[in-house]
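Pasted below: entry02.tsv, TSV, C-alpha atoms.
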```tsv
chain	number	residue	atom	x	y	z
P	1	MET	CA	0.00	0.00	0.00
P	2	ILE	CA	2.92	2.34	0.70
P	3	ASN	CA	4.14	1.73	-2.83
P	4	LEU	CA	0.75	2.74	-4.24
P	5	LEU	CA	0.88	5.94	-2.22
P	6	LEU	CA	4.37	6.68	-3.56
P	7	ILE	CA	3.18	6.12	-7.13
P	8	PHE	CA	0.14	8.36	-6.63
P	9	VAL	CA	2.05	11.21	-4.96
P	10	SER	CA	4.97	11.11	-7.40
P	11	ALA	CA	2.64	11.12	-10.44
P	12	LEU	CA	0.70	14.04	-8.95
P	13	LEU	CA	3.84	16.09	-8.22
P	14	LEU	CA	5.40	15.31	-11.59
P	15	ALA	CA	2.27	16.38	-13.48
P	16	LEU	CA	1.94	19.44	-11.25
P	17	GLY	CA	5.52	20.48	-12.04
P	18	ALA	CA	5.52	19.50	-15.71
P	19	THR	CA	2.30	21.28	-16.72
P	20	PRO	CA	3.68	24.88	-16.55
P	21	VAL	CA	6.71	23.75	-18.56
P	22	VAL	CA	4.48	22.16	-21.20
P	23	ARG	CA	2.28	25.26	-21.23
P	24	ARG	CA	5.27	27.48	-22.07
P	25	LEU	CA	6.41	25.00	-24.72
P	26	ALA	CA	2.98	24.96	-26.36
P	27	ASP	CA	2.94	28.77	-26.42
P	28	ARG	CA	6.40	28.89	-27.97
P	29	LEU	CA	5.52	26.31	-30.63
P	30	GLY	CA	2.16	27.95	-31.32
P	31	ILE	CA	0.20	24.83	-30.40
P	32	VAL	CA	-2.79	26.62	-28.94
P	33	ASP	CA	-6.55	26.31	-29.23
P	34	GLN	CA	-7.72	29.55	-30.80
P	35	PRO	CA	-11.00	31.14	-29.72
P	36	ASP	CA	-13.91	30.65	-32.06
P	37	PRO	CA	-17.62	31.53	-31.93
P	38	ARG	CA	-18.31	27.81	-31.91
P	39	LYS	CA	-16.13	27.20	-28.84
P	40	LEU	CA	-16.49	27.96	-25.16
P	41	HIS	CA	-13.21	29.75	-24.42
P	42	ARG	CA	-12.66	33.37	-25.44
P	43	ALA	CA	-8.85	33.58	-25.49
P	44	PRO	CA	-6.09	31.36	-26.92
P	45	VAL	CA	-5.34	28.42	-24.60
P	46	PRO	CA	-2.21	26.26	-24.90
P	47	LEU	CA	-2.68	22.61	-25.77
P	48	LEU	CA	-0.35	19.64	-25.04
P	49	GLY	CA	-1.27	19.38	-21.35
P	50	GLY	CA	-1.55	15.67	-21.99
P	51	ILE	CA	2.25	15.51	-22.15
P	52	ALA	CA	2.36	16.42	-18.45
P	53	ILE	CA	-0.13	13.64	-17.66
P	54	TYR	CA	1.95	11.22	-19.71
P	55	VAL	CA	5.21	12.22	-18.02
P	56	GLY	CA	3.74	11.96	-14.52
P	57	PHE	CA	2.19	8.58	-15.25
P	58	ILE	CA	5.17	6.97	-16.97
P	59	LEU	CA	7.90	8.21	-14.63
P	60	ALA	CA	5.96	7.29	-11.48
P	61	LEU	CA	5.54	3.73	-12.77
P	62	LEU	CA	9.13	3.39	-13.94
P	63	VAL	CA	10.51	4.59	-10.60
P	64	PHE	CA	8.13	2.91	-8.14
P	65	GLY	CA	6.36	0.19	-10.14
P	66	GLU	CA	7.51	-3.37	-9.56
P	67	GLY	CA	6.54	-6.99	-10.13
P	68	TRP	CA	5.04	-6.51	-13.58
P	69	VAL	CA	5.11	-9.18	-16.29
P	70	LEU	CA	7.76	-7.61	-18.53
P	71	SER	CA	6.05	-8.33	-21.85
P	72	GLN	CA	2.77	-6.80	-20.68
P	73	MET	CA	4.42	-3.73	-19.19
P	74	ILE	CA	6.37	-3.13	-22.40
P	75	GLY	CA	3.18	-3.62	-24.44
P	76	ILE	CA	1.23	-1.15	-22.29
P	77	LEU	CA	3.96	1.51	-22.31
P	78	VAL	CA	4.69	1.21	-26.03
P	79	SER	CA	1.04	1.29	-27.09
P	80	ALA	CA	0.17	4.11	-24.67
P	81	THR	CA	3.14	6.11	-25.97
P	82	MET	CA	1.95	5.53	-29.54
P	83	VAL	CA	-1.53	6.84	-28.66
P	84	SER	CA	-0.06	9.87	-26.89
P	85	PHE	CA	2.17	10.78	-29.85
P	86	LEU	CA	-0.76	10.31	-32.21
P	87	GLY	CA	-2.60	12.85	-30.06
P	88	ILE	CA	0.34	15.28	-30.19
P	89	TRP	CA	0.35	14.99	-33.96
P	90	ASP	CA	-3.37	15.72	-34.06
P	91	ASP	CA	-2.96	18.72	-31.72
P	92	ARG	CA	-0.11	20.06	-33.84
P	93	SER	CA	-1.40	19.68	-37.37
P	94	GLY	CA	-4.58	17.59	-37.36
P	95	VAL	CA	-5.04	13.93	-38.23
P	96	ARG	CA	-7.83	12.54	-40.37
P	97	PRO	CA	-10.36	10.51	-38.35
P	98	LEU	CA	-9.70	7.29	-40.27
P	99	LEU	CA	-5.94	7.60	-39.78
P	100	LYS	CA	-6.47	8.27	-36.09
P	101	LEU	CA	-8.70	5.20	-35.85
P	102	LEU	CA	-6.07	3.10	-37.62
P	103	GLY	CA	-3.41	4.26	-35.15
P	104	GLN	CA	-5.65	3.35	-32.23
P	105	LEU	CA	-6.28	-0.11	-33.69
P	106	VAL	CA	-2.54	-0.68	-34.07
P	107	ALA	CA	-1.98	0.36	-30.45
P	108	ALA	CA	-4.76	-1.97	-29.29
P	109	SER	CA	-3.24	-4.78	-31.34
P	110	ILE	CA	0.10	-4.30	-29.58
P	111	LEU	CA	-1.73	-4.73	-26.28
P	112	ILE	CA	-3.30	-7.97	-27.46
P	113	ILE	CA	0.02	-9.35	-28.73
P	114	SER	CA	1.60	-8.59	-25.34
P	115	GLY	CA	-1.15	-10.56	-23.58
P	116	VAL	CA	-3.42	-7.73	-22.41
P	117	LYS	CA	-6.89	-8.73	-23.61
P	118	VAL	CA	-10.37	-9.69	-22.51
P	119	SER	CA	-10.56	-13.36	-21.55
P	120	PHE	CA	-14.07	-14.07	-20.22
P	121	LEU	CA	-15.55	-15.29	-23.52
P	122	PRO	CA	-15.18	-18.93	-24.66
P	123	TYR	CA	-13.86	-18.10	-28.15
P	124	PRO	CA	-10.42	-16.43	-28.62
P	125	ALA	CA	-11.55	-14.52	-31.70
P	126	LEU	CA	-14.43	-12.95	-29.75
P	127	ASN	CA	-12.06	-11.96	-26.95
P	128	VAL	CA	-9.79	-10.23	-29.46
P	129	ALA	CA	-12.75	-8.47	-31.12
P	130	ILE	CA	-14.19	-7.28	-27.80
P	131	THR	CA	-10.75	-6.04	-26.73
P	132	LEU	CA	-10.35	-3.99	-29.91
P	133	VAL	CA	-13.84	-2.50	-29.61
P	134	TRP	CA	-13.40	-1.73	-25.90
P	135	VAL	CA	-9.97	-0.11	-26.17
P	136	VAL	CA	-10.80	1.99	-29.23
P	137	GLY	CA	-14.26	2.85	-27.87
P	138	ILE	CA	-13.10	4.05	-24.45
P	139	THR	CA	-10.13	5.88	-25.97
P	140	ASN	CA	-12.48	7.89	-28.17
P	141	ALA	CA	-15.11	8.29	-25.44
P	142	LEU	CA	-12.65	10.17	-23.21
P	143	ASN	CA	-11.50	12.14	-26.25
P	144	LEU	CA	-15.09	13.20	-26.93
P	145	LEU	CA	-15.67	13.98	-23.26
P	146	ASP	CA	-12.86	16.56	-23.29
P	147	ASN	CA	-15.23	19.42	-24.11
P	148	MET	CA	-15.30	21.56	-20.96
P	149	ASP	CA	-12.71	22.77	-18.46
P	150	GLY	CA	-11.73	20.02	-16.03
P	151	LEU	CA	-14.26	17.49	-17.33
P	152	SER	CA	-12.24	14.72	-18.95
P	153	GLY	CA	-9.40	14.98	-16.43
P	154	GLY	CA	-11.76	14.97	-13.45
P	155	VAL	CA	-13.87	12.08	-14.71
P	156	GLY	CA	-10.66	10.21	-15.48
P	157	ALA	CA	-9.39	10.82	-11.95
P	158	VAL	CA	-12.65	9.61	-10.37
P	159	ALA	CA	-12.77	6.49	-12.58
P	160	ALA	CA	-9.10	5.74	-11.86
P	161	GLY	CA	-9.79	6.19	-8.14
P	162	PHE	CA	-12.55	3.60	-8.20
P	163	PHE	CA	-10.42	1.23	-10.27
P	164	LEU	CA	-7.67	1.69	-7.68
P	165	LEU	CA	-10.09	0.79	-4.89
P	166	LEU	CA	-11.50	-2.21	-6.77
P	167	ALA	CA	-8.03	-3.51	-7.58
P	168	ALA	CA	-6.75	-3.09	-4.01
P	169	MET	CA	-9.83	-4.83	-2.56
P	170	ASN	CA	-9.09	-7.84	-4.77
P	171	GLY	CA	-5.35	-7.96	-4.15
P	172	GLN	CA	-4.56	-6.65	-7.63
P	173	TYR	CA	-1.74	-4.36	-6.55
P	174	LEU	CA	0.03	-4.32	-9.89
P	175	VAL	CA	-3.16	-3.18	-11.61
P	176	ALA	CA	-3.74	-0.74	-8.76
P	177	SER	CA	-0.37	0.86	-9.53
P	178	LEU	CA	-1.60	1.79	-13.02
P	179	ALA	CA	-4.75	3.33	-11.56
P	180	ALA	CA	-2.79	5.16	-8.83
P	181	ALA	CA	-0.38	6.67	-11.36
P	182	LEU	CA	-3.21	7.80	-13.64
P	183	MET	CA	-5.24	9.26	-10.78
P	184	GLY	CA	-2.25	11.21	-9.46
P	185	ALA	CA	-1.29	12.55	-12.90
P	186	CYS	CA	-4.89	13.66	-13.59
P	187	ILE	CA	-5.20	15.48	-10.27
P	188	GLY	CA	-1.85	17.23	-10.76
P	189	PHE	CA	-2.97	18.43	-14.18
P	190	LEU	CA	-6.42	19.48	-12.96
P	191	TYR	CA	-4.85	22.23	-10.84
P	192	TYR	CA	-4.32	24.12	-14.12
P	193	ASN	CA	-7.29	22.73	-16.06
P	194	LEU	CA	-10.22	23.54	-13.78
P	195	ASN	CA	-12.42	26.42	-14.89
P	196	PRO	CA	-11.05	28.81	-16.01
P	197	ALA	CA	-8.42	26.55	-17.57
P	198	THR	CA	-4.97	27.90	-18.42
P	199	ILE	CA	-4.09	24.80	-20.47
P	200	PHE	CA	-5.99	22.03	-22.26
P	201	MET	CA	-4.90	18.39	-22.31
P	202	GLY	CA	-5.64	18.10	-26.04
P	203	ASP	CA	-5.85	14.79	-27.86
P	204	ALA	CA	-2.43	13.94	-26.46
P	205	GLY	CA	-4.05	13.73	-23.03
P	206	SER	CA	-7.64	12.67	-23.64
P	207	MET	CA	-6.76	9.71	-25.87
P	208	PHE	CA	-3.96	8.64	-23.53
P	209	LEU	CA	-6.35	8.89	-20.59
P	210	GLY	CA	-9.03	6.79	-22.29
P	211	PHE	CA	-6.49	4.25	-23.46
P	212	ILE	CA	-5.03	3.66	-19.99
P	213	LEU	CA	-8.48	3.45	-18.39
P	214	SER	CA	-9.45	0.79	-20.92
P	215	VAL	CA	-6.28	-1.14	-20.10
P	216	VAL	CA	-6.86	-0.96	-16.34
P	217	ALA	CA	-10.42	-2.22	-16.86
P	218	ILE	CA	-9.15	-5.20	-18.89
P	219	LYS	CA	-6.46	-6.05	-16.34
P	220	LEU	CA	-8.86	-6.05	-13.39
P	221	ARG	CA	-9.63	-9.49	-12.01
P	222	PHE	CA	-12.12	-10.54	-9.34
P	223	PRO	CA	-11.06	-13.90	-7.83
P	224	GLY	CA	-13.97	-16.07	-6.83
P	225	ARG	CA	-16.53	-13.92	-8.63
P	226	PRO	CA	-18.27	-15.15	-11.81
P	227	SER	CA	-17.45	-13.35	-15.04
P	228	MET	CA	-21.20	-13.21	-15.74
P	229	ILE	CA	-21.28	-10.50	-13.06
P	230	THR	CA	-17.84	-8.89	-13.14
P	231	TRP	CA	-18.00	-7.87	-16.82
P	232	MET	CA	-20.45	-5.14	-15.78
P	233	ILE	CA	-18.08	-3.49	-13.30
P	234	PRO	CA	-15.76	-1.62	-15.72
P	235	VAL	CA	-18.73	-0.70	-17.92
P	236	VAL	CA	-20.51	0.91	-14.94
P	237	VAL	CA	-17.38	2.71	-13.70
P	238	LEU	CA	-16.92	4.21	-17.17
P	239	GLY	CA	-20.65	4.69	-17.67
P	240	LEU	CA	-20.47	8.47	-18.02
P	241	PRO	CA	-18.12	8.64	-21.04
P	242	ILE	CA	-20.03	5.72	-22.59
P	243	PHE	CA	-23.31	7.59	-22.03
P	244	ASP	CA	-21.92	10.82	-23.48
P	245	THR	CA	-20.63	9.05	-26.59
P	246	THR	CA	-23.96	7.29	-27.08
P	247	LEU	CA	-25.86	10.57	-26.72
P	248	VAL	CA	-23.62	12.33	-29.23
P	249	VAL	CA	-23.75	9.53	-31.80
P	250	ILE	CA	-27.55	9.25	-31.62
P	251	SER	CA	-27.98	13.02	-31.76
P	252	ARG	CA	-25.75	13.43	-34.80
P	253	LEU	CA	-27.20	10.49	-36.67
P	254	ARG	CA	-30.70	11.82	-36.07
P	255	GLY	CA	-29.51	15.14	-37.46
P	256	GLY	CA	-28.11	13.50	-40.57
P	257	MET	CA	-24.51	14.20	-39.56
P	258	ASN	CA	-21.41	12.00	-39.46
P	259	PRO	CA	-20.66	11.38	-35.75
P	260	LEU	CA	-16.91	11.34	-36.42
P	261	THR	CA	-16.58	14.45	-38.57
P	262	SER	CA	-19.48	16.65	-37.45
P	263	PRO	CA	-18.72	17.88	-33.92
P	264	GLY	CA	-21.28	20.03	-32.15
P	265	LYS	CA	-22.42	21.41	-28.82
P	266	ASP	CA	-24.42	18.28	-28.20
P	267	HIS	CA	-22.49	16.64	-25.35
P	268	VAL	CA	-24.10	16.03	-21.98
P	269	SER	CA	-22.07	18.88	-20.47
P	270	HIS	CA	-23.31	21.36	-23.08
P	271	ARG	CA	-26.90	20.29	-22.56
P	272	LEU	CA	-26.61	20.77	-18.79
P	273	VAL	CA	-25.39	24.32	-19.44
P	274	GLN	CA	-28.27	24.79	-21.88
P	275	MET	CA	-30.59	23.79	-19.02
P	276	GLY	CA	-29.26	26.64	-16.86
P	277	LEU	CA	-26.17	25.34	-15.06
P	278	SER	CA	-22.89	27.18	-15.18
P	279	GLN	CA	-19.96	25.40	-16.81
P	280	ARG	CA	-18.36	24.77	-13.42
P	281	ASN	CA	-21.58	23.41	-11.89
P	282	ALA	CA	-22.23	21.20	-14.91
P	283	VAL	CA	-18.79	19.63	-14.47
P	284	ILE	CA	-19.39	19.12	-10.73
P	285	VAL	CA	-22.71	17.39	-11.45
P	286	LEU	CA	-20.94	15.04	-13.85
P	287	TYR	CA	-18.24	14.33	-11.24
P	288	LEU	CA	-20.99	13.35	-8.80
P	289	ILE	CA	-22.65	11.09	-11.37
P	290	CYS	CA	-19.30	9.42	-11.98
P	291	CYS	CA	-18.94	8.88	-8.21
P	292	ALA	CA	-22.43	7.36	-8.02
P	293	LEU	CA	-21.56	4.97	-10.84
P	294	GLY	CA	-18.38	3.98	-9.02
P	295	LEU	CA	-20.38	3.16	-5.90
P	296	ALA	CA	-22.80	1.12	-8.01
P	297	ALA	CA	-19.82	-0.84	-9.37
P	298	LEU	CA	-18.61	-1.54	-5.84
P	299	PHE	CA	-22.07	-2.88	-4.99
P	300	ILE	CA	-22.10	-5.11	-8.08
P	301	MET	CA	-18.70	-6.53	-7.15
P	302	GLN	CA	-20.05	-7.81	-3.82
P	303	ALA	CA	-23.63	-8.66	-4.82
P	304	ASP	CA	-25.10	-12.01	-5.76
P	305	PHE	CA	-26.29	-12.70	-9.30
P	306	LEU	CA	-29.80	-11.29	-8.90
P	307	GLN	CA	-28.72	-8.21	-6.96
P	308	ALA	CA	-25.94	-7.46	-9.44
P	309	TYR	CA	-28.26	-7.61	-12.43
P	310	LEU	CA	-30.93	-5.57	-10.68
P	311	MET	CA	-28.32	-2.86	-10.06
P	312	GLY	CA	-27.09	-3.16	-13.63
P	313	ALA	CA	-30.65	-2.85	-14.90
P	314	ALA	CA	-31.25	0.19	-12.66
P	315	VAL	CA	-28.14	1.90	-14.07
P	316	PHE	CA	-29.22	1.06	-17.62
P	317	VAL	CA	-32.77	2.38	-17.10
P	318	ALA	CA	-31.45	5.56	-15.47
P	319	GLY	CA	-29.14	6.04	-18.43
P	320	LEU	CA	-31.96	5.45	-20.91
P	321	ILE	CA	-34.19	7.99	-19.15
P	322	GLY	CA	-31.31	10.48	-19.09
P	323	LEU	CA	-30.65	9.87	-22.77
P	324	ILE	CA	-34.27	10.55	-23.72
P	325	ALA	CA	-34.48	13.64	-21.49
P	326	LEU	CA	-31.21	15.17	-22.67
P	327	GLU	CA	-31.90	14.44	-26.32
P	328	ARG	CA	-34.90	16.77	-25.99
P	329	VAL	CA	-32.56	19.60	-24.97
P	330	ARG	CA	-31.61	20.88	-28.36
P	331	PRO	CA	-28.02	22.17	-28.46
P	332	THR	CA	-27.35	25.67	-29.72
P	333	GLY	CA	-24.46	26.89	-31.83
P	334	GLY	CA	-22.31	25.12	-34.34
P	335	GLN	CA	-19.30	23.07	-33.50
P	336	ASP	CA	-18.45	22.35	-29.94
P	337	GLY	CA	-15.97	23.76	-27.48
P	338	SER	CA	-14.06	20.55	-27.13
P	339	ARG	CA	-10.37	20.25	-27.74
P	340	ALA	CA	-10.93	16.92	-29.50
```
How does this structure look as structure tokens?
Amino acid sequence: MINLLLIFVSALLLALGATPVVRRLADRLGIVDQPDPRKLHRAPVPLLGGIAIYVGFILALLVFGEGWVLSQMIGILVSATMVSFLGIWDDRSGVRPLLKLLGQLVAASILIISGVKVSFLPYPALNVAITLVWVVGITNALNLLDNMDGLSGGVGAVAAGFFLLLAAMNGQYLVASLAAALMGACIGFLYYNLNPATIFMGDAGSMFLGFILSVVAIKLRFPGRPSMITWMIPVVVLGLPIFDTTLVVISRLRGGMNPLTSPGKDHVSHRLVQMGLSQRNAVIVLYLICCALGLAALFIMQADFLQAYLMGAAVFVAGLIGLIALERVRPTGGQDGSRA
């Protein structure tokens, strides 16, 4: 447990110290998000904050992490680095959606080759397919969620915190080290990213964040618990980004738009603001929802079959009601204020 604390604190301090350096670098290189009538910020804001998250995460693990299966650790670090550099490239000069998707699939394939994959299904091909869909889906869900100051980083920190707790409760200390490093790096970065943000994480951060969360979810194991129950736990913990992505895709398809190339102010955060909340309060509400989902996941972990599925059904119904209600809140403006 002391080692987990060291990883968390070191990742937090490294991200806290690295973010101002990255901010100056982004300014010098001109990698900034310019204001636009379609966006929420009104002054240029440096991008590349994700580099600070990456540095805090990687260095904390390299210094204090121990006991990992070497092939898996190399696979995780190499693929996560690939995703982060793909994000930097996108922040710097833009990457076509299909090329970005291809890069994410390659990174997910490296994970699978290194042995990091879903294993609860009886057919290997299905496990590989589910792994690819999960990793790419969660990577892009956190990328889409990065549309308001402090949102993606805060949700990532809360989700990583619950993954840390779940892993520690099940003796998964090596998995817990990943979650501890990510949680610390997110919190260190949030000091500069909360409203009003002085730096954005950009794709370099949001895709890296989603990628690592998907990996932690895959690596989690629940000894003595049936996979017919435990598969729900990561899905519930990451329910908010999954919900947001679902809302956006449905909204854009209904509007005759391509969900990948037609961004808009149609995320859950934007709709909460449209309903009268301030940006800061909308983000806080979403933090609280993420916490509630984490508590639901803890309940599912300890429940019997019937209780677990009743809770899962309750979460699903609540999400469906929220989806219908929020879809009626028509977004205003053109493209969104996200940095994705």
Contacts of range 20-25 of chain P within 8 Å, all atoms listed in the file, excl. fewer than 3 positions in-chain, as a ChimeraX atom specification: /P:16-17,28-29,46-49,51-52,199
Skipping near chain neighbours, those fewer than 3 positions away, what residues fall within 7 Å of range 110-114 of chain P using all atoms listed in the file, listed as a VMD selection string? chain P and resid 71 to 72 75 to 76 79 106 to 107 117
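As for CA of Glu327 in chain P and CA of Val268 in chain P, they are spaced 9.1 Å apart.
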Could you tell me how far CA of Phe189 in chain P lies from CA of Gly153 in chain P, in Å and to one decimal?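 We find that CA of Phe189 in chain P and CA of Gly153 in chain P lie 7.6 Å from each other.
Applying the 12 Å criterion to (-0.9, 15.0, -35.5) in file coordinates and using only C-alpha atoms, one obtains the residues Ile31, Leu48, Met82, Val83, Ser84, Phe85, Leu86, Gly87, Ile88, Trp89, Asp90, Asp91, Arg92, Ser93, Gly94, Val95, Arg96, Pro97, Leu99, Lys100, Gly103, Gly202, Asp203, Ala204 and Ala340 of chain P.
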With distances taken over only C-alpha atoms, which of P:Pro226, P:Gly150, P:Gly115, P:Gly50 is nearest to Val128 in chain P? P:Gly115
Check the smallest atom-to-atom distance from each of P:Asn170, P:Asn195, P:Ser206, P:Ser227 to Ala282 in chain P using all atoms listed in the file, then report the winner.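 Nearest candidate to Ala282 in chain P out of P:Asn170, P:Asn195, P:Ser206, P:Ser227: P:Asn195.
CA of Ala11 in chain P is positioned 5.2 Å from CA of Ala60 in chain P.
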Taking into account only C-alpha atoms, which residue in the set P:Ala197, P:Val9, P:Val315, P:Leu166 is nearest to Leu298 in chain P?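 With only C-alpha atoms as the atom set, the closest residue is P:Leu166.
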Of the listed residues P:Leu310, P:Pro241, P:Phe208, P:Asn3, that which approaches Ala176 in chain P most closely, counting only C-alpha atoms: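 Checking each candidate against Ala176 in chain P, we get P:Asn3 as the closest.
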Which of these, P:Arg328, P:Lys265, P:Arg280, P:Arg271, has the shortest distance to Leu144 in chain P once you count only C-alpha atoms?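 Among P:Arg328, P:Lys265, P:Arg280, P:Arg271, it is P:Lys265 that comes nearest to Leu144 in chain P.
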Compare P:Ala314, P:Leu326, P:Val116, P:Leu288 by their minimum atom-to-atom distance to Ala217 in chain P, counting only C-alpha atoms, and give me the closest one.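 Closest candidate: P:Val116.
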Shell of 12 Å around Phe222 in chain P, only C-alpha atoms, local chain residues under 4 positions omitted, as a list in words: Phe120, Phe163, Leu166, Ala167, Ala168, Met169, Asn170, Gly171, Gln172, Val175, Ala217, Ile218, Pro226, Ser227, Met228, Ile229, Thr230, Trp231, Met232, Ile233, Pro234, Leu298, Ile300, Met301 and Gln302 of chain P
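The residue set within 9 Å of Gly239 in chain P, counting only C-alpha atoms and dropping same-chain residues fewer than 6 places from it, reads Cys290, Leu293, Gly294, Val315 and Gly319 of chain P.
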Sphere at (-11.4, -2.2, -28.9), radius 9 Å, counting all atoms listed in the file: residues as a PyMOL selection string: chain P and resi 104-105+108-109+128-139+214
Student task, range 11-26 of chain P output with N, CA and C atoms as a tab-separated table (two decimals), in the first residue's frame:
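Ended up saving to out.tsv:
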```tsv
chain	number	residue	atom	x	y	z
P	11	ALA	N	3.32	10.77	-9.19
P	11	ALA	CA	2.64	11.12	-10.44
P	11	ALA	C	1.98	12.49	-10.32
P	12	LEU	N	1.36	12.75	-9.17
P	12	LEU	CA	0.70	14.04	-8.95
P	12	LEU	C	1.72	15.18	-9.00
P	13	LEU	N	2.83	15.03	-8.29
P	13	LEU	CA	3.84	16.09	-8.22
P	13	LEU	C	4.52	16.29	-9.58
P	14	LEU	N	4.77	15.19	-10.28
P	14	LEU	CA	5.40	15.31	-11.59
P	14	LEU	C	4.50	16.04	-12.57
P	15	ALA	N	3.21	15.69	-12.59
P	15	ALA	CA	2.27	16.38	-13.48
P	15	ALA	C	2.11	17.84	-13.07
P	16	LEU	N	2.08	18.08	-11.76
P	16	LEU	CA	1.94	19.44	-11.25
P	16	LEU	C	3.12	20.30	-11.69
P	17	GLY	N	4.33	19.73	-11.65
P	17	GLY	CA	5.52	20.48	-12.04
P	17	GLY	C	5.71	20.56	-13.54
P	18	ALA	N	5.28	19.53	-14.27
P	18	ALA	CA	5.52	19.50	-15.71
P	18	ALA	C	4.53	20.37	-16.48
P	19	THR	N	3.33	20.56	-15.96
P	19	THR	CA	2.30	21.28	-16.72
P	19	THR	C	2.71	22.72	-17.08
P	20	PRO	N	3.26	23.53	-16.14
P	20	PRO	CA	3.68	24.88	-16.55
P	20	PRO	C	4.77	24.86	-17.62
P	21	VAL	N	5.65	23.87	-17.55
P	21	VAL	CA	6.71	23.75	-18.56
P	21	VAL	C	6.10	23.46	-19.93
P	22	VAL	N	5.16	22.52	-19.96
P	22	VAL	CA	4.48	22.16	-21.20
P	22	VAL	C	3.67	23.34	-21.72
P	23	ARG	N	3.08	24.09	-20.82
P	23	ARG	CA	2.28	25.26	-21.23
P	23	ARG	C	3.16	26.28	-21.95
P	24	ARG	N	4.34	26.54	-21.41
P	24	ARG	CA	5.27	27.48	-22.07
P	24	ARG	C	5.73	26.93	-23.41
P	25	LEU	N	5.97	25.62	-23.47
P	25	LEU	CA	6.41	25.00	-24.72
P	25	LEU	C	5.32	25.11	-25.79
P	26	ALA	N	4.09	24.86	-25.41
P	26	ALA	CA	2.98	24.96	-26.36
P	26	ALA	C	2.84	26.38	-26.88
```
